[in-house]
>>> print(open('run21.tsv').read())   # TSV, C-alpha atoms
chain	number	residue	atom	x	y	z
V	841	MET	CA	-16.62	-8.08	17.05
V	842	ARG	CA	-15.89	-9.71	13.69
V	843	ILE	CA	-12.79	-8.60	11.84
V	844	GLY	CA	-12.56	-9.69	8.23
V	845	VAL	CA	-9.16	-10.39	6.67
V	846	VAL	CA	-9.20	-10.22	2.87
V	847	VAL	CA	-7.26	-13.03	1.22
V	848	PHE	CA	-5.97	-12.36	-2.29
V	849	PRO	CA	-4.00	-14.90	-4.30
V	850	GLY	CA	-0.47	-14.09	-3.14
V	851	SER	CA	-1.41	-12.68	0.25
V	852	ASN	CA	1.04	-14.12	2.76
V	853	CYS	CA	0.27	-12.35	6.02
V	854	ASP	CA	-3.40	-13.28	6.10
V	855	ARG	CA	-2.92	-16.11	8.60
V	856	ASP	CA	-0.77	-13.93	10.84
V	857	ALA	CA	-3.49	-11.29	10.71
V	858	LEU	CA	-6.22	-13.82	11.52
V	859	TYR	CA	-4.12	-15.09	14.42
V	860	ALA	CA	-3.48	-11.58	15.73
V	861	VAL	CA	-7.19	-10.74	15.51
V	862	GLU	CA	-7.90	-13.74	17.68
V	863	ARG	CA	-5.17	-12.69	20.11
V	864	VAL	CA	-6.91	-9.36	20.76
V	865	GLY	CA	-10.19	-11.12	21.42
V	866	ALA	CA	-12.08	-10.48	18.21
V	867	GLU	CA	-13.55	-13.05	15.85
V	868	PRO	CA	-11.38	-13.49	12.74
V	869	VAL	CA	-13.16	-13.98	9.41
V	870	ALA	CA	-11.29	-14.89	6.23
V	871	LEU	CA	-12.71	-13.18	3.13
V	872	TRP	CA	-11.73	-14.74	-0.20
V	873	HIS	CA	-11.03	-12.22	-2.94
V	874	ALA	CA	-13.50	-13.78	-5.37
V	875	GLU	CA	-16.45	-13.36	-3.00
V	876	ARG	CA	-18.53	-10.26	-2.67
V	877	THR	CA	-19.77	-10.68	0.86
V	878	LEU	CA	-17.97	-9.32	3.91
V	879	LYS	CA	-19.69	-11.96	6.08
V	880	GLY	CA	-20.92	-9.42	8.58
V	881	SER	CA	-17.49	-8.01	9.37
V	882	ASP	CA	-17.38	-4.97	11.66
V	883	ALA	CA	-13.86	-4.05	10.55
V	884	LEU	CA	-11.55	-5.14	7.73
V	885	ILE	CA	-7.86	-5.83	7.35
V	886	LEU	CA	-6.12	-6.03	3.98
V	887	PRO	CA	-3.00	-8.03	4.82
V	888	GLY	CA	0.53	-8.03	3.48
V	889	GLY	CA	1.90	-10.19	0.74
V	890	PHE	CA	2.29	-10.03	-3.00
V	891	SER	CA	-1.26	-10.09	-4.30
V	892	TYR	CA	-1.35	-11.26	-7.92
V	893	GLY	CA	2.43	-11.49	-7.83
V	894	ASP	CA	2.76	-7.69	-7.65
V	895	TYR	CA	2.32	-7.84	-11.43
V	896	LEU	CA	2.11	-4.46	-13.17
V	897	ARG	CA	2.36	-2.56	-9.85
V	898	PRO	CA	1.83	-3.77	-6.28
V	899	GLY	CA	-1.90	-3.72	-5.59
V	900	ALA	CA	-2.87	-2.72	-9.14
V	901	ILE	CA	-4.71	-5.94	-9.96
V	902	ALA	CA	-5.97	-6.78	-6.48
V	903	ARG	CA	-7.77	-3.44	-6.48
V	904	PHE	CA	-10.21	-4.86	-9.05
V	905	ALA	CA	-10.90	-8.16	-7.26
V	906	PRO	CA	-14.65	-8.80	-6.75
V	907	VAL	CA	-14.40	-8.40	-2.96
V	908	MET	CA	-12.98	-4.91	-3.39
V	909	GLN	CA	-16.35	-3.48	-4.46
V	910	SER	CA	-17.71	-4.44	-1.06
V	911	VAL	CA	-14.55	-3.21	0.67
V	912	GLU	CA	-14.86	0.17	-1.07
V	913	ARG	CA	-18.50	0.51	-0.10
V	914	PHE	CA	-17.71	-0.46	3.50
V	915	ALA	CA	-14.88	2.10	3.60
V	916	ARG	CA	-16.95	4.89	2.07
V	917	GLU	CA	-19.70	4.22	4.63
V	918	GLY	CA	-17.17	4.82	7.41
V	919	GLY	CA	-16.27	1.22	8.30
V	920	PRO	CA	-12.81	0.77	9.81
V	921	VAL	CA	-10.32	-0.58	7.25
V	922	LEU	CA	-6.64	-1.26	7.89
V	923	GLY	CA	-4.21	-1.96	5.05
V	924	VAL	CA	-0.89	-3.45	6.02
V	925	CYS	CA	2.04	-3.38	3.57
V	926	ASN	CA	0.56	-4.84	0.37
V	927	GLY	CA	-2.84	-3.95	1.82
V	928	PHE	CA	-1.67	-0.32	2.04
V	929	GLN	CA	-0.59	-0.51	-1.61
V	930	VAL	CA	-4.01	-1.92	-2.58
V	931	LEU	CA	-5.83	0.90	-0.74
V	932	CYS	CA	-3.71	3.51	-2.56
V	933	GLU	CA	-4.37	1.87	-5.93
V	934	ALA	CA	-8.09	1.81	-5.06
V	935	HIS	CA	-7.96	5.56	-4.28
V	936	LEU	CA	-9.22	4.90	-0.77
V	937	LEU	CA	-5.95	6.46	0.42
V	938	PRO	CA	-3.94	9.21	-1.30
V	939	GLY	CA	-0.48	8.79	-2.78
V	940	ALA	CA	1.42	5.71	-3.89
V	941	LEU	CA	4.18	3.39	-2.73
V	942	LEU	CA	7.26	3.42	-4.91
V	943	ARG	CA	10.23	1.07	-5.11
V	944	ASN	CA	12.45	1.49	-2.05
V	945	ALA	CA	14.96	4.29	-2.57
V	946	ALA	CA	17.92	1.97	-1.99
V	947	LEU	CA	16.46	-0.64	-4.39
V	948	ARG	CA	16.69	-3.30	-1.69
V	949	PHE	CA	14.01	-5.39	-0.11
V	950	VAL	CA	14.04	-4.26	3.53
V	951	CYS	CA	13.18	-6.82	6.17
V	952	ARG	CA	13.89	-5.69	9.72
V	953	ARG	CA	12.41	-4.02	12.74
V	954	VAL	CA	12.04	-0.27	12.70
V	955	ARG	CA	11.03	2.28	15.28
V	956	VAL	CA	7.92	4.28	14.48
V	957	ARG	CA	6.02	6.97	16.33
V	958	VAL	CA	2.24	7.04	16.64
V	959	GLU	CA	1.41	10.53	15.38
V	960	ARG	CA	-2.37	10.39	15.68
V	961	THR	CA	-4.65	8.51	18.01
V	962	ASP	CA	-7.89	9.79	16.46
V	963	THR	CA	-8.30	6.85	14.10
V	964	PRO	CA	-10.05	3.56	14.89
V	965	TRP	CA	-6.72	1.76	14.46
V	966	THR	CA	-4.62	3.89	16.82
V	967	SER	CA	-7.14	5.04	19.42
V	968	GLY	CA	-5.73	2.54	21.93
V	969	CYS	CA	-2.15	3.76	21.45
V	970	GLY	CA	-0.55	6.64	23.29
V	971	ALA	CA	-0.02	9.91	21.39
V	972	GLY	CA	3.65	10.03	20.47
V	973	GLU	CA	4.11	6.42	21.59
V	974	GLU	CA	7.10	4.70	20.05
V	975	LEU	CA	6.60	1.20	18.66
V	976	VAL	CA	9.06	-1.28	17.27
V	977	LEU	CA	7.45	-3.04	14.31
V	978	PRO	CA	8.76	-5.28	11.53
V	979	VAL	CA	8.84	-4.05	7.95
V	980	ALA	CA	9.27	-6.36	4.96
V	981	HIS	CA	8.80	-4.76	1.57
V	982	ASN	CA	10.28	-3.88	-1.78
V	983	ASP	CA	7.93	-1.03	-2.59
V	984	GLY	CA	7.39	0.98	0.57
V	985	CYS	CA	8.64	4.43	-0.38
V	986	TYR	CA	5.58	6.58	0.24
V	987	PHE	CA	5.01	9.35	-2.28
V	988	ALA	CA	2.34	11.99	-2.66
V	989	ASP	CA	2.49	15.19	-4.70
V	990	GLY	CA	3.25	18.45	-2.90
V	991	GLY	CA	-0.34	19.60	-2.47
V	992	THR	CA	-1.52	16.23	-1.19
V	993	LEU	CA	1.41	16.01	1.19
V	994	ASP	CA	0.71	19.47	2.61
V	995	ALA	CA	-2.93	18.49	3.14
V	996	LEU	CA	-1.95	15.24	4.87
V	997	GLU	CA	0.31	17.10	7.29
V	998	GLU	CA	-2.09	19.99	7.90
V	999	GLU	CA	-5.06	17.70	8.48
V	1000	GLY	CA	-3.09	15.42	10.79
V	1001	ARG	CA	-3.47	12.41	8.53
V	1002	VAL	CA	0.05	11.05	8.97
V	1003	VAL	CA	-0.72	8.28	11.45
V	1004	LEU	CA	2.67	6.59	11.82
V	1005	ARG	CA	6.10	8.09	11.19
V	1006	TYR	CA	9.44	6.31	10.93
V	1007	LEU	CA	12.06	7.30	13.46
V	1008	GLU	CA	14.52	5.55	11.13
V	1009	ASN	CA	13.36	5.76	7.53
V	1010	PRO	CA	14.04	2.38	5.87
V	1011	ASN	CA	12.82	3.11	2.35
V	1012	GLY	CA	13.05	6.80	1.45
V	1013	SER	CA	9.42	7.64	2.21
V	1014	VAL	CA	8.66	11.33	1.93
V	1015	ASN	CA	8.44	13.04	5.36
V	1016	ASP	CA	9.33	9.67	6.97
V	1017	ILE	CA	5.70	8.61	6.47
V	1018	ALA	CA	4.98	5.03	7.59
V	1019	GLY	CA	1.18	5.27	7.64
V	1020	VAL	CA	-1.64	7.61	6.61
V	1021	CYS	CA	-5.40	7.79	6.89
V	1022	ASN	CA	-8.19	9.03	4.63
V	1023	GLU	CA	-10.22	12.20	5.17
V	1024	GLY	CA	-12.82	10.28	7.16
V	1025	ARG	CA	-9.97	8.80	9.28
V	1026	ASN	CA	-11.58	5.31	9.15
V	1027	VAL	CA	-9.25	3.96	6.46
V	1028	VAL	CA	-5.64	3.57	7.58
V	1029	GLY	CA	-2.67	2.21	5.65
V	1030	VAL	CA	0.66	1.30	7.24
V	1031	MET	CA	3.80	-0.30	5.83
V	1032	PRO	CA	5.01	-1.89	9.12
V	1033	HIS	CA	3.37	-5.14	10.18
V	1034	PRO	CA	1.48	-4.96	13.49
V	1035	GLU	CA	0.38	-8.59	13.11
V	1036	ARG	CA	4.02	-9.70	13.06
V	1037	ALA	CA	4.46	-8.11	16.47
V	1038	SER	CA	1.49	-9.73	18.15
V	1039	ASP	CA	2.97	-12.45	20.33
V	1040	PRO	CA	5.98	-12.69	22.66
V	1041	LEU	CA	7.16	-15.63	20.54
V	1042	LEU	CA	7.54	-13.21	17.64
V	1043	GLY	CA	9.77	-11.00	19.74
V	1044	SER	CA	7.32	-8.16	20.27
V	1045	GLU	CA	3.74	-7.36	21.09
V	1046	ASP	CA	3.99	-3.75	19.98
V	1047	GLY	CA	1.48	-4.36	17.21
V	1048	LEU	CA	-1.32	-5.42	19.49
V	1049	GLY	CA	-2.17	-1.83	20.42
V	1050	ILE	CA	-3.08	-1.11	16.81
V	1051	LEU	CA	-5.23	-4.22	16.43
V	1052	ARG	CA	-6.82	-3.74	19.83
V	1053	SER	CA	-7.68	-0.12	19.05
V	1054	VAL	CA	-10.50	-1.08	16.74
V	1055	LEU	CA	-12.19	-2.90	19.61
V	1056	VAL	CA	-12.25	0.24	21.74
V	1057	GLY	CA	-15.78	1.51	21.85
V	1058	ALA	CA	-17.11	-1.47	19.94
V	1059	ALA	CA	-19.05	-4.25	21.58
V	1060	LEU	CA	-17.17	-7.54	21.54
B	281	MET	CA	-4.70	-4.09	-34.22
B	282	LYS	CA	-1.55	-3.77	-32.19
B	283	VAL	CA	-1.21	-1.01	-29.66
B	284	ARG	CA	1.96	-0.08	-27.86
B	285	VAL	CA	1.64	1.63	-24.48
B	286	LEU	CA	4.64	3.31	-22.91
B	287	VAL	CA	4.48	3.99	-19.16
B	288	ARG	CA	7.12	6.10	-17.46
B	289	PRO	CA	7.71	7.51	-13.99
B	290	LYS	CA	6.54	11.12	-13.93
B	291	ARG	CA	9.16	13.83	-14.09
B	292	GLY	CA	10.45	14.57	-10.63
B	293	ILE	CA	9.45	11.19	-9.22
B	294	LEU	CA	12.28	9.28	-7.64
B	295	ASP	CA	13.33	6.52	-10.05
B	296	PRO	CA	15.84	4.40	-8.15
B	297	GLN	CA	15.94	1.79	-10.94
B	298	GLY	CA	16.90	4.42	-13.48
B	299	GLU	CA	19.49	5.81	-11.11
B	300	ALA	CA	20.99	2.36	-10.54
B	301	VAL	CA	21.27	1.79	-14.29
B	302	ARG	CA	22.78	5.25	-14.77
B	303	SER	CA	25.44	4.57	-12.19
B	304	ALA	CA	26.19	1.14	-13.69
B	305	LEU	CA	26.87	2.41	-17.22
B	306	PRO	CA	30.17	4.22	-16.49
B	307	ALA	CA	31.43	1.02	-14.88
B	308	LEU	CA	31.17	-0.55	-18.34
B	309	GLY	CA	33.00	2.33	-19.94
B	310	PHE	CA	29.92	4.21	-21.23
B	311	GLU	CA	30.56	7.84	-20.36
B	312	GLY	CA	28.38	10.90	-20.60
B	313	VAL	CA	25.05	9.36	-19.56
B	314	GLU	CA	23.37	12.10	-17.59
B	315	SER	CA	20.05	10.51	-16.79
B	316	VAL	CA	18.24	7.18	-17.13
B	317	ARG	CA	14.54	6.59	-16.57
B	318	VAL	CA	13.18	3.06	-16.47
B	319	GLY	CA	9.59	2.59	-17.60
B	320	ARG	CA	7.35	-0.18	-18.84
B	321	LEU	CA	6.26	-1.19	-22.32
B	322	VAL	CA	2.86	-2.85	-22.74
B	323	GLU	CA	1.85	-4.33	-26.08
B	324	LEU	CA	-1.83	-4.99	-26.61
B	325	GLU	CA	-3.72	-6.70	-29.36
B	326	VAL	CA	-7.21	-5.23	-29.49
B	327	GLU	CA	-10.15	-5.11	-31.85
B	328	ARG	CA	-10.69	-1.39	-31.36
B	329	ALA	CA	-8.52	1.34	-29.92
B	330	ASP	CA	-11.32	3.42	-28.45
B	331	GLU	CA	-10.90	2.03	-24.95
B	332	VAL	CA	-7.11	2.08	-24.75
B	333	GLU	CA	-7.08	5.50	-23.12
B	334	ALA	CA	-9.38	4.24	-20.34
B	335	MET	CA	-7.27	1.09	-19.94
B	336	CYS	CA	-4.18	3.25	-19.43
B	337	ARG	CA	-5.89	5.53	-16.96
B	338	ARG	CA	-7.56	2.80	-14.91
B	339	LEU	CA	-5.01	0.02	-14.89
B	340	LEU	CA	-1.91	0.17	-17.05
B	341	ALA	CA	-0.57	3.37	-15.46
B	342	ASN	CA	-1.00	4.94	-12.06
B	343	PRO	CA	-1.50	8.65	-12.85
B	344	THR	CA	-0.28	9.59	-9.37
B	345	ILE	CA	3.24	8.51	-10.20
B	346	GLU	CA	3.35	7.63	-13.89
B	347	GLU	CA	2.73	9.21	-17.27
B	348	TYR	CA	1.82	7.26	-20.36
B	349	GLU	CA	1.48	7.51	-24.10
B	350	TRP	CA	0.19	5.00	-26.60
B	351	GLU	CA	0.11	4.45	-30.35
B	352	VAL	CA	-1.51	2.09	-32.80
B	353	LEU	CA	1.22	0.10	-34.54
B	354	GLU	CA	-0.79	-1.33	-37.42
B	355	GLY	CA	-4.36	-1.18	-38.62
>>> encode(input="run21.tsv", output="structure tokens")
Amino acid sequence: MRIGVVVFPGSNCDRDALYAVERVGAEPVALWHAERTLKGSDALILPGGFSYGDYLRPGAIARFAPVMQSVERFAREGGPVLGVCNGFQVLCEAHLLPGALLRNAALRFVCRRVRVRVERTDTPWTSGCGAGEELVLPVAHNDGCYFADGGTLDALEEEGRVVLRYLENPNGSVNDIAGVCNEGRNVVGVMPHPERASDPLLGSEDGLGILRSVLVGAAL
Amino acid sequence: MKVRVLVRPKRGILDPQGEAVRSALPALGFEGVESVRVGRLVELEVERADEVEAMCRRLLANPTIEEYEWEVLEG
């Protein structure tokens, strides 16, 4: 299986993501933002970082990068897409996921490990996790306070589209939301970094379950 | 022509920057400030103003969390 990792100017977790993809036994493929081809990727990761310097709003400019047209088509056709941190922000700006990520409530950049619970295992990115499983994953962000208006939030909860929930909310996210999915469940955005918990040398392998999930049911 | 676009957090949206500024003002002796909202000012120089609305909607503001208004400053 080929997993494409989109590289925007200012992405800084792309190499970690490529490394983690390799760790779970898939073929990592770097996708430069200025290209339009997905190079035959079977799944896509939009990594963390500060694409385009977070200018205007995080993800606001990256959302219009040439590669994003192909990413949007891939997502709308049901292809598995995972946005991590800045990638989550890009997916929200691109309207592939609902809501937005606001400045952290405490106005501080948070960089630490947090405990999260896997709320749903019926997405391609959590199918290999246990329902209700607790993971310890690193977060590192300035704008991670998830927000959606009341109606959208009710729909997310009723339709079981909150994928990850903080057990200790680091940023003021509404309903302790750490990750959500789209209606089709193939597009998932999470603020914590699974790729930074993908090797014992990094202190944790809790993120591997998420990255390995996408391989479940797919031919390597 | 010059166009000035004002982007603000929507009413009811948490604005921690505004709140931080509000709580800093009394420390400088400015009393009676009940609320502060921090937004963004974008100044454009454009040939025509007929696409400014679309620019606001698609890029300059995120309608999920922000409201905007714009005006032409000079012809």
>>> residues_around(input="run21.tsv", residues="stretch 305-320 of chain B", least_positions_apart="2", cutoff="7 Å", atoms="only C-alpha atoms", output="VMD selection string")
chain B and resid 286 to 289 295 297 to 299 301 to 303 322
>>> residues_around(input="run21.tsv", residues="V:Asp983", least_positions_apart="2", cutoff="10 Å", atoms="all atoms listed in the file", output="MDAnalysis selection string")
chainID V and resid 894 897:898 925:926 929 940:945 947:950 980:981 985:986 1011 1031
>>> atom_distance(input="run21.tsv", atom1="atom CA of V:Ser1013", atom2="atom CA of V:Phe890")
19.8 Å
>>> atom_distance(input="run21.tsv", atom1="atom CA of V:Cys932", atom2="atom CA of V:Gly972")
25.0 Å
>>> atom_distance(input="run21.tsv", atom1="atom CA of V:Val1054", atom2="atom CA of V:Arg1025")
12.4 Å
>>> closest_residue(input="run21.tsv", among="V:Gly919, V:Gly1012, V:Gly984, V:Gly968", to="chain B", atoms="all atoms listed in the file")
V:Gly1012
>>> axis_aligned_box(input="run21.tsv", around="stretch 330-347 of chain B", padding_each_side="8 Å", output="lines of an AutoDock Vina configuration file")
center_x = -4.0
center_y = 4.8
center_z = -18.9
size_x = 30.7
size_y = 25.6
size_z = 35.1
>>> closest_residue(input="run21.tsv", among="V:Ala946, V:Ile885, V:Val1003, V:Ala1018", to="chain B", atoms="all atoms listed in the file")
V:Ala946
>>> closest_residue(input="run21.tsv", among="V:Ser910, V:Asn982, V:Glu933, V:Leu1051", to="B:Pro296", atoms="all atoms listed in the file")
V:Asn982
>>> closest_residue(input="run21.tsv", among="V:Arg1036, V:Arg855, V:His935, V:Arg960", to="chain B", atoms="all atoms listed in the file")
V:His935
>>> residues_around(input="run21.tsv", residues="V:Val1030", least_positions_apart="4", cutoff="6 Å", atoms="all atoms listed in the file", output="JSON, numbers by chain")
{"V": [924, 928, 1018, 1019]}
>>> closest_residue(input="run21.tsv", among="V:Leu896, V:Val954, V:Ala860, V:Met841", to="B:Leu321", atoms="all atoms listed in the file")
V:Leu896
>>> closest_residue(input="run21.tsv", among="B:Ile345, B:Leu294, B:Val352, B:Ala300", to="B:Val332", atoms="all atoms listed in the file")
B:Val352
>>> decode(input="run21.tsv", residues="stretch 1017-1059 of chain V", atoms="C-alpha atoms", output="short mmCIF file (atom, residue, chain, number, x, y, z; two decimals), in the first residue's frame")
data_model
loop_
_atom_site.label_atom_id
_atom_site.label_comp_id
_atom_site.auth_asym_id
_atom_site.auth_seq_id
_atom_site.Cartn_x
_atom_site.Cartn_y
_atom_site.Cartn_z
CA ILE V 1017 -12.84 16.96 20.87
CA ALA V 1018 -9.37 15.87 19.69
CA GLY V 1019 -10.42 14.43 16.33
CA VAL V 1020 -13.44 14.22 14.02
CA CYS V 1021 -14.38 12.58 10.75
CA ASN V 1022 -16.51 13.60 7.77
CA GLU V 1023 -19.93 12.17 6.92
CA GLY V 1024 -18.35 9.49 4.75
CA ARG V 1025 -15.99 8.64 7.68
CA ASN V 1026 -12.99 8.38 5.28
CA VAL V 1027 -11.58 11.81 6.15
CA VAL V 1028 -10.26 12.11 9.70
CA GLY V 1029 -8.58 15.06 11.40
CA VAL V 1030 -6.76 14.85 14.72
CA MET V 1031 -4.74 17.39 16.68
CA PRO V 1032 -2.47 14.87 18.49
CA HIS V 1033 0.48 13.48 16.53
CA PRO V 1034 0.38 9.70 15.99
CA GLU V 1035 3.59 9.87 13.94
CA ARG V 1036 5.44 11.31 16.94
CA ALA V 1037 4.50 8.21 18.90
CA SER V 1038 5.67 5.66 16.36
CA ASP V 1039 8.93 4.34 17.75
CA PRO V 1040 10.15 3.28 21.21
CA LEU V 1041 12.93 5.85 20.81
CA LEU V 1042 10.26 8.54 20.79
CA GLY V 1043 8.91 7.27 24.08
CA SER V 1044 5.72 5.72 22.76
CA GLU V 1045 4.30 3.61 20.00
CA ASP V 1046 0.70 4.52 20.76
CA GLY V 1047 0.34 6.22 17.40
CA LEU V 1048 1.09 3.14 15.36
CA GLY V 1049 -2.42 1.75 15.82
CA ILE V 1050 -3.84 4.74 13.95
CA LEU V 1051 -1.36 4.49 11.09
CA ARG V 1052 -1.67 0.73 10.92
CA SER V 1053 -5.46 0.92 10.79
CA VAL V 1054 -5.48 2.10 7.21
CA LEU V 1055 -3.66 -1.07 6.19
CA VAL V 1056 -6.40 -3.27 7.66
CA GLY V 1057 -8.37 -4.73 4.82
CA ALA V 1058 -6.06 -3.26 2.21
CA ALA V 1059 -3.56 -5.32 0.30
#
